[in-house]
Amino acid sequence: MTQHISIRPAHKRDAAEIAILVDLSSHGFASWIWNRAVLNGEADTPLEYGAWALAQAGSEGWENTAIAEIDHETAGLSVGYTIEAGILDQEADHPVFAPLLQLQQQMIGHRFIDSVGVYKRFRGKGLGRLLVTYEIEQAEKQGNHAVSLITESHNHAALSLYKSMNFKEVSRLAHVPHFEDCNKHDWVFLTRSVM
């Protein structure tokens, strides 16, 4: 039986599912970030806070998310937006974010693919490639000259996908561990031209 695959813009009501997929795509890094809200008494769980945060307007929220569906069931997502010049005025509020911010500050004017995540049961169907293609198409529509992203040096599946789609490594910076037993790796900045 043929499955129907589609990509649609997210709705605000998708925020809880977006939080799960963003956390999945970041290998739990998003939960670590959102856990600050739990420690401050703003939420009971990191995902509760993440769902609330992603329901808000802003570059990393639901408005810049595309949802991949298989037979009308959410299967994955991508989050993408343009890196604006204002990022040069930002400072990392925690050492963990410093290398990520340094890399993003090299991407002004680029469409930045913040997240690509696919539920495990839907992997192997080409959804990651479809979502990245969608982000490249959005860059074309918005007049971005390049599409860029950051991934982990040990994420071989992602690196293989991006390199097969003509992304080239620009630079890498050492990851600052956010907990004691964290996997040691580099953050890898990849880019490709839109045309």
# chains A, B, ... in the order shown; residues from 1 in each chain; ligands from 1
$ select_by_dssp --residues "stretch 78-135 of chain A" --states "strand (DSSP E)" --output "list of chain:residue names"
A:Ser78, A:Val79, A:Gly80, A:Tyr81, A:Thr82, A:Arg111, A:Phe112, A:Ile113, A:Asp114, A:Ser115, A:Val116, A:Gly117, A:Val118
$ write_last_selection --atoms "N, CA, C and O atoms" --output "PDB file, in the first residue's frame"
ATOM      1  N   SER A  78      10.941  20.141  10.294  1.00  0.00           N
ATOM      2  CA  SER A  78      12.136  20.978  10.139  1.00  0.00           C
ATOM      3  C   SER A  78      11.774  22.349  10.683  1.00  0.00           C
ATOM      4  O   SER A  78      10.619  22.775  10.613  1.00  0.00           O
ATOM      5  N   VAL A  79      12.775  23.013  11.241  1.00  0.00           N
ATOM      6  CA  VAL A  79      12.621  24.376  11.723  1.00  0.00           C
ATOM      7  C   VAL A  79      13.685  25.200  11.014  1.00  0.00           C
ATOM      8  O   VAL A  79      14.875  24.855  11.072  1.00  0.00           O
ATOM      9  N   GLY A  80      13.274  26.254  10.325  1.00  0.00           N
ATOM     10  CA  GLY A  80      14.233  27.067   9.591  1.00  0.00           C
ATOM     11  C   GLY A  80      13.845  28.534   9.569  1.00  0.00           C
ATOM     12  O   GLY A  80      12.657  28.866   9.549  1.00  0.00           O
ATOM     13  N   TYR A  81      14.847  29.407   9.584  1.00  0.00           N
ATOM     14  CA  TYR A  81      14.619  30.844   9.570  1.00  0.00           C
ATOM     15  C   TYR A  81      15.909  31.536   9.138  1.00  0.00           C
ATOM     16  O   TYR A  81      16.983  30.932   9.123  1.00  0.00           O
ATOM     17  N   THR A  82      15.788  32.805   8.817  1.00  0.00           N
ATOM     18  CA  THR A  82      16.945  33.601   8.400  1.00  0.00           C
ATOM     19  C   THR A  82      17.693  34.117   9.625  1.00  0.00           C
ATOM     20  O   THR A  82      17.089  34.618  10.570  1.00  0.00           O
ATOM     21  N   ARG A 111      19.632  31.120   5.396  1.00  0.00           N
ATOM     22  CA  ARG A 111      18.530  30.387   6.026  1.00  0.00           C
ATOM     23  C   ARG A 111      19.192  29.340   6.912  1.00  0.00           C
ATOM     24  O   ARG A 111      20.031  28.570   6.456  1.00  0.00           O
ATOM     25  N   PHE A 112      18.836  29.336   8.173  1.00  0.00           N
ATOM     26  CA  PHE A 112      19.424  28.430   9.143  1.00  0.00           C
ATOM     27  C   PHE A 112      18.447  27.308   9.426  1.00  0.00           C
ATOM     28  O   PHE A 112      17.306  27.550   9.817  1.00  0.00           O
ATOM     29  N   ILE A 113      18.889  26.081   9.194  1.00  0.00           N
ATOM     30  CA  ILE A 113      18.077  24.919   9.545  1.00  0.00           C
ATOM     31  C   ILE A 113      18.392  24.599  10.997  1.00  0.00           C
ATOM     32  O   ILE A 113      19.438  24.038  11.309  1.00  0.00           O
ATOM     33  N   ASP A 114      17.499  24.985  11.865  1.00  0.00           N
ATOM     34  CA  ASP A 114      17.681  24.823  13.302  1.00  0.00           C
ATOM     35  C   ASP A 114      17.498  23.372  13.720  1.00  0.00           C
ATOM     36  O   ASP A 114      18.215  22.876  14.584  1.00  0.00           O
ATOM     37  N   SER A 115      16.517  22.693  13.128  1.00  0.00           N
ATOM     38  CA  SER A 115      16.211  21.308  13.510  1.00  0.00           C
ATOM     39  C   SER A 115      15.652  20.534  12.326  1.00  0.00           C
ATOM     40  O   SER A 115      14.898  21.086  11.525  1.00  0.00           O
ATOM     41  N   VAL A 116      16.032  19.276  12.255  1.00  0.00           N
ATOM     42  CA  VAL A 116      15.384  18.298  11.381  1.00  0.00           C
ATOM     43  C   VAL A 116      15.234  17.053  12.237  1.00  0.00           C
ATOM     44  O   VAL A 116      16.220  16.514  12.735  1.00  0.00           O
ATOM     45  N   GLY A 117      14.002  16.641  12.457  1.00  0.00           N
ATOM     46  CA  GLY A 117      13.758  15.467  13.294  1.00  0.00           C
ATOM     47  C   GLY A 117      12.677  14.583  12.708  1.00  0.00           C
ATOM     48  O   GLY A 117      11.674  15.085  12.192  1.00  0.00           O
ATOM     49  N   VAL A 118      12.902  13.281  12.776  1.00  0.00           N
ATOM     50  CA  VAL A 118      11.931  12.298  12.271  1.00  0.00           C
ATOM     51  C   VAL A 118      11.786  11.216  13.333  1.00  0.00           C
ATOM     52  O   VAL A 118      12.788  10.710  13.851  1.00  0.00           O
TER      53      VAL A 118
END
$ residues_around --residues "A:Ser26" --least-positions-apart "3" --cutoff "9 Å" --atoms "only C-alpha atoms" --output "ChimeraX atom specification"
/A:21-23,29-31,115-117,151
$ select_by_dssp --residues "chain A" --states "alpha helix (DSSP H)" --output "MDAnalysis selection string"
chainID A and resid 15:25 29:39 46:54 98:104 127:142 156:164
$ closest_residue --among "A:Val188, A:Leu131, A:Ile136, A:Ala98" --to "A:His156" --atoms "only C-alpha atoms"
A:Val188
$ residues_around --residues "A:Gln90" --least-positions-apart "2" --cutoff "12 Å" --atoms "only C-alpha atoms" --output "ChimeraX atom specification"
/A:84-88,92-94,97-98,100-102,104-105
$ write_last_selection --atoms "all heavy atoms" --output "mmCIF file, in the first residue's frame"
data_model
loop_
_atom_site.group_PDB
_atom_site.id
_atom_site.type_symbol
_atom_site.label_atom_id
_atom_site.label_comp_id
_atom_site.auth_asym_id
_atom_site.auth_seq_id
_atom_site.Cartn_x
_atom_site.Cartn_y
_atom_site.Cartn_z
ATOM 1 N N GLU A 84 19.556 36.872 11.260
ATOM 2 C CA GLU A 84 19.597 38.330 11.083
ATOM 3 C C GLU A 84 20.878 38.911 11.686
ATOM 4 O O GLU A 84 21.501 38.311 12.567
ATOM 5 C CB GLU A 84 18.375 38.974 11.753
ATOM 6 C CG GLU A 84 17.037 38.434 11.269
ATOM 7 C CD GLU A 84 16.682 38.838 9.849
ATOM 8 O OE1 GLU A 84 17.342 39.754 9.289
ATOM 9 O OE2 GLU A 84 15.752 38.240 9.281
ATOM 10 N N ALA A 85 21.243 40.114 11.253
ATOM 11 C CA ALA A 85 22.477 40.772 11.709
ATOM 12 C C ALA A 85 22.482 41.023 13.213
ATOM 13 O O ALA A 85 23.546 41.107 13.833
ATOM 14 C CB ALA A 85 22.684 42.081 10.957
ATOM 15 N N GLY A 86 21.316 41.099 13.834
ATOM 16 C CA GLY A 86 21.230 41.333 15.275
ATOM 17 C C GLY A 86 21.915 40.257 16.104
ATOM 18 O O GLY A 86 22.238 40.485 17.274
ATOM 19 N N ILE A 87 22.177 39.103 15.503
ATOM 20 C CA ILE A 87 22.848 38.028 16.241
ATOM 21 C C ILE A 87 24.256 38.436 16.670
ATOM 22 O O ILE A 87 24.788 37.908 17.642
ATOM 23 C CB ILE A 87 22.866 36.714 15.425
ATOM 24 C CG1 ILE A 87 23.132 35.520 16.360
ATOM 25 C CG2 ILE A 87 23.872 36.785 14.275
ATOM 26 C CD1 ILE A 87 22.862 34.167 15.743
ATOM 27 N N LEU A 88 24.833 39.404 15.953
ATOM 28 C CA LEU A 88 26.180 39.868 16.301
ATOM 29 C C LEU A 88 26.201 40.577 17.659
ATOM 30 O O LEU A 88 27.249 40.665 18.302
ATOM 31 C CB LEU A 88 26.725 40.798 15.217
ATOM 32 C CG LEU A 88 26.971 40.142 13.858
ATOM 33 C CD1 LEU A 88 27.355 41.189 12.828
ATOM 34 C CD2 LEU A 88 28.027 39.051 13.960
ATOM 35 N N ALA A 92 26.341 34.748 24.657
ATOM 36 C CA ALA A 92 25.893 33.475 25.219
ATOM 37 C C ALA A 92 25.660 33.647 26.714
ATOM 38 O O ALA A 92 26.533 34.152 27.422
ATOM 39 C CB ALA A 92 26.924 32.390 24.953
ATOM 40 N N ASP A 93 24.483 33.221 27.184
ATOM 41 C CA ASP A 93 24.192 33.353 28.613
ATOM 42 C C ASP A 93 24.643 32.128 29.413
ATOM 43 O O ASP A 93 24.416 32.048 30.613
ATOM 44 C CB ASP A 93 22.711 33.639 28.856
ATOM 45 C CG ASP A 93 21.792 32.504 28.439
ATOM 46 O OD1 ASP A 93 22.270 31.508 27.870
ATOM 47 O OD2 ASP A 93 20.575 32.616 28.696
ATOM 48 N N HIS A 94 25.284 31.192 28.731
ATOM 49 C CA HIS A 94 25.851 29.998 29.378
ATOM 50 C C HIS A 94 26.996 29.526 28.482
ATOM 51 O O HIS A 94 26.885 29.587 27.253
ATOM 52 C CB HIS A 94 24.778 28.913 29.503
ATOM 53 C CG HIS A 94 25.192 27.762 30.364
ATOM 54 N ND1 HIS A 94 26.096 26.804 29.939
ATOM 55 C CD2 HIS A 94 24.816 27.412 31.620
ATOM 56 C CE1 HIS A 94 26.256 25.904 30.899
ATOM 57 N NE2 HIS A 94 25.500 26.253 31.932
ATOM 58 N N PHE A 97 26.433 27.509 25.182
ATOM 59 C CA PHE A 97 25.910 28.135 23.969
ATOM 60 C C PHE A 97 26.965 28.911 23.186
ATOM 61 O O PHE A 97 26.728 29.265 22.034
ATOM 62 C CB PHE A 97 24.742 29.058 24.306
ATOM 63 C CG PHE A 97 23.634 28.375 25.047
ATOM 64 C CD1 PHE A 97 23.236 28.824 26.291
ATOM 65 C CD2 PHE A 97 23.003 27.269 24.511
ATOM 66 C CE1 PHE A 97 22.216 28.194 26.977
ATOM 67 C CE2 PHE A 97 21.983 26.623 25.197
ATOM 68 C CZ PHE A 97 21.587 27.091 26.436
ATOM 69 N N ALA A 98 28.122 29.193 23.789
ATOM 70 C CA ALA A 98 29.130 30.036 23.149
ATOM 71 C C ALA A 98 29.582 29.517 21.780
ATOM 72 O O ALA A 98 29.588 30.279 20.804
ATOM 73 C CB ALA A 98 30.317 30.246 24.080
ATOM 74 N N LEU A 100 28.041 27.523 19.702
ATOM 75 C CA LEU A 100 26.903 27.561 18.771
ATOM 76 C C LEU A 100 26.663 28.985 18.286
ATOM 77 O O LEU A 100 26.463 29.220 17.085
ATOM 78 C CB LEU A 100 25.650 27.002 19.451
ATOM 79 C CG LEU A 100 25.698 25.512 19.760
ATOM 80 C CD1 LEU A 100 24.599 25.120 20.741
ATOM 81 C CD2 LEU A 100 25.590 24.693 18.491
ATOM 82 N N LEU A 101 26.707 29.939 19.202
ATOM 83 C CA LEU A 101 26.513 31.337 18.838
ATOM 84 C C LEU A 101 27.633 31.815 17.917
ATOM 85 O O LEU A 101 27.378 32.489 16.912
ATOM 86 C CB LEU A 101 26.434 32.205 20.093
ATOM 87 C CG LEU A 101 26.177 33.695 19.867
ATOM 88 C CD1 LEU A 101 24.868 33.925 19.124
ATOM 89 C CD2 LEU A 101 26.194 34.436 21.201
ATOM 90 N N GLN A 102 28.879 31.430 18.215
ATOM 91 C CA GLN A 102 30.013 31.817 17.360
ATOM 92 C C GLN A 102 29.816 31.316 15.930
ATOM 93 O O GLN A 102 30.101 32.033 14.968
ATOM 94 C CB GLN A 102 31.311 31.228 17.902
ATOM 95 C CG GLN A 102 32.000 32.077 18.930
ATOM 96 C CD GLN A 102 33.340 31.438 19.279
ATOM 97 O OE1 GLN A 102 33.407 30.633 20.196
ATOM 98 N NE2 GLN A 102 34.373 31.796 18.539
ATOM 99 N N GLN A 104 26.872 30.497 14.489
ATOM 100 C CA GLN A 104 25.721 31.180 13.879
ATOM 101 C C GLN A 104 26.062 32.607 13.465
ATOM 102 O O GLN A 104 25.506 33.120 12.493
ATOM 103 C CB GLN A 104 24.535 31.185 14.843
ATOM 104 C CG GLN A 104 23.884 29.827 14.979
ATOM 105 C CD GLN A 104 22.735 29.849 15.950
ATOM 106 O OE1 GLN A 104 22.784 30.528 16.986
ATOM 107 N NE2 GLN A 104 21.695 29.108 15.641
ATOM 108 N N GLN A 105 26.973 33.253 14.173
ATOM 109 C CA GLN A 105 27.358 34.622 13.819
ATOM 110 C C GLN A 105 28.086 34.689 12.475
ATOM 111 O O GLN A 105 28.251 35.768 11.926
ATOM 112 C CB GLN A 105 28.192 35.240 14.948
ATOM 113 C CG GLN A 105 27.347 35.548 16.169
ATOM 114 C CD GLN A 105 28.149 35.997 17.373
ATOM 115 O OE1 GLN A 105 29.307 35.628 17.548
ATOM 116 N NE2 GLN A 105 27.524 36.791 18.228
#
